[in-house]
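As structure tokens, the structure follows; a few thoughts come after it.
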Amino acid sequence: MQGLNDKVIVVAGGATGIGAATSKRLAEEGAKVVVGDINVEAAKATADAIDGRHLRFDITSEADCKALVELAVTEFGGLDGVFTVAADTSKETLGRDSESDLLTVPSMSGSGRWTSTSREPSS
Ligand SMILES: NC(=O)c1ccc[n+]([C@@H]2O[C@H](COP(=O)([O-])OP(=O)(O)OC[C@H]3O[C@@H](n4cnc5c(N)ncnc54)[C@H](O)[C@@H]3O)[C@@H](O)[C@H]2O)c1
């Protein structure tokens, strides 16, 4: 099946895990995929495997969100969808439940997701 033929999809947090698997599945369906992740080496590996594009991207940065959308537009001519699954699942963070985690996690899960899905291409 190629149900997403030539659709342009950004995957925010696409370097590993669910994001990487989703990137590959989207590509199998014919989508052109842009992988954004703070782990740029793994983002490149995921993107290279599916003839996609990648960018070092922090979901908590509005400028990075804008840059990710603009990469989709410049490389593939538009943007049809965003899948956002970026999350800090490192062992240093998980289970720690410190005060800073309580500030960071909502930032990534709430405003980060809002920011990464509310950008419009500038042209
Ligand atoms: N894996 C599962 O079975 C499962 C099940 C249910 C829910 N989840 C949830 O789904 C989410 C993703 O899980 P996963 O297993 O794919 O984790 P993962 O750690 O493999 O993937 C998360 C990705 O987000 C990236 N990332 C971290 N901080 C970032 C930032 N500031 N900006 C951009 N990218 C950033 C990481 O580099 C990584 O590539 C988590 O919230 C997890 O709790 C996972």
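Following the order of the structure tokens, first chain is A, next is B, and so on, with residues numbered from 1 inside each chain and ligands from 1 in the order they appear.
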
Could you pull out the residues in stretch 40-105 of chain A that DSSP calls alpha helix (DSSP H) from the backbone, as an MDAnalysis selection string?
chainID A and resid 40:49 62:76 99:105

Residue contacts of A:Gly17 (12 Å, only C-alpha atoms) excluding same-chain residues fewer than 2 positions away, as a list of chain:residue names:
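The residues satisfying every condition are A:Val11, A:Ala12, A:Gly13, A:Gly14, A:Ala15, A:Gly19, A:Ala20, A:Ala21, A:Thr22, A:Ser23, A:Lys24, A:Asp37, A:Ala42, A:Ala43, A:Thr46, A:Val85, A:Ala86, A:Ala87, A:Asp88, A:Thr89.
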
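Atom 12 (C, counted along the ligand's line) of ligand 1 is found 8.4 Å from atom CA of A:Thr16.
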
Atomic separation - atom 10 (O, counted along the ligand's line) of ligand 1 relative to atom CA of A:Ala63, Å:
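Here the two named atoms are 23.4 Å from each other.
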
All residues 10 Å or closer to A:Glu28, only C-alpha atoms, same chain fewer than 3 positions away omitted, as number ranges by chain
A: 1-5, 22-25, 31-32, 50

Write to file, as a compact mmCIF listing (two decimals), in the first residue's frame, the residues of the selection just made, with N, CA and C atoms.
```txt
# COMPACT_ATOMS: atom_id res chain seq x y z
N MET A 1 0.83 -1.20 0.00
CA MET A 1 0.00 0.00 0.00
C MET A 1 0.86 1.25 0.00
N GLN A 2 0.40 2.27 -0.62
CA GLN A 2 1.10 3.56 -0.64
C GLN A 2 0.08 4.65 -0.33
N GLY A 3 -0.62 4.48 0.78
CA GLY A 3 -1.72 5.36 1.11
C GLY A 3 -1.34 6.79 1.41
N LEU A 4 -0.03 7.05 1.60
CA LEU A 4 0.41 8.41 1.89
C LEU A 4 1.36 8.92 0.82
N ASN A 5 1.16 8.46 -0.38
CA ASN A 5 2.08 8.80 -1.45
C ASN A 5 2.29 10.30 -1.56
N THR A 22 7.72 4.85 13.48
CA THR A 22 6.66 5.55 12.74
C THR A 22 7.22 6.18 11.47
N SER A 23 8.43 6.73 11.56
CA SER A 23 9.05 7.32 10.37
C SER A 23 9.19 6.28 9.26
N LYS A 24 9.65 5.10 9.64
CA LYS A 24 9.83 4.03 8.65
C LYS A 24 8.49 3.58 8.07
N ARG A 25 7.50 3.48 8.92
CA ARG A 25 6.16 3.07 8.45
C ARG A 25 5.57 4.11 7.51
N ALA A 31 5.15 8.31 2.16
CA ALA A 31 5.33 9.69 2.64
C ALA A 31 6.78 10.12 2.56
N LYS A 32 6.97 11.42 2.42
CA LYS A 32 8.29 12.03 2.55
C LYS A 32 8.39 12.51 3.99
N ILE A 50 15.46 6.03 5.08
CA ILE A 50 14.17 6.13 4.38
C ILE A 50 14.18 7.26 3.35
```

May I have all residues of stretch 1-112 of chain A that DSSP, computed from the backbone, assigns to strand (DSSP E or B), given as a PyMOL selection string?
chain A and resi 8-12+32-37+53-56+81-84

Residues at most 7 Å from A:Val40, counting only C-alpha atoms, excluding those fewer than 4 positions away in the same chain, as a PDB file with C-alpha atoms, in the first residue's frame?
```pdb
ATOM      1  CA  LYS A  44      20.280  11.188  10.607  1.00  0.00           C
ATOM      2  CA  LEU A  55      17.391  18.252  11.748  1.00  0.00           C
ATOM      3  CA  ARG A  56      18.823  18.643  15.226  1.00  0.00           C
TER       4      ARG A  56
END
```

Nearest residue to A:Lys7 out of A:Val73, A:Val33, A:Ala47, A:Ile38, using only C-alpha atoms?
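Among the listed residues, the smallest separation from A:Lys7 belongs to A:Val33.
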
For each of A:Thr93, A:Ala49, A:Val82, A:Gly30, take the minimum atom-to-atom distance to A:Val10, counting only C-alpha atoms, then give the residue where this is smallest.
A:Val82

For ligand 1, which of A:Thr84, A:Ile18, A:Leu71, A:Gly78 is the closest residue, counting only C-alpha atoms and all ligand atoms?
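Distance minimum relative to ligand 1 lands on A:Ile18.
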
Which residue gives the smallest distance to A:Leu68 among A:Phe83, A:Val8, A:Lys91, A:Gly36, with only C-alpha atoms counted?
A:Gly36

Just to confirm, what's the straight-line distance from atom 43 (O, counted along the ligand's line) of ligand 1 to atom CA of A:Ser90 in Å (one decimal)?
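Answer for the atom 43 (O, counted along the ligand's line) of ligand 1 to atom CA of A:Ser90 separation: 10.4 Å.
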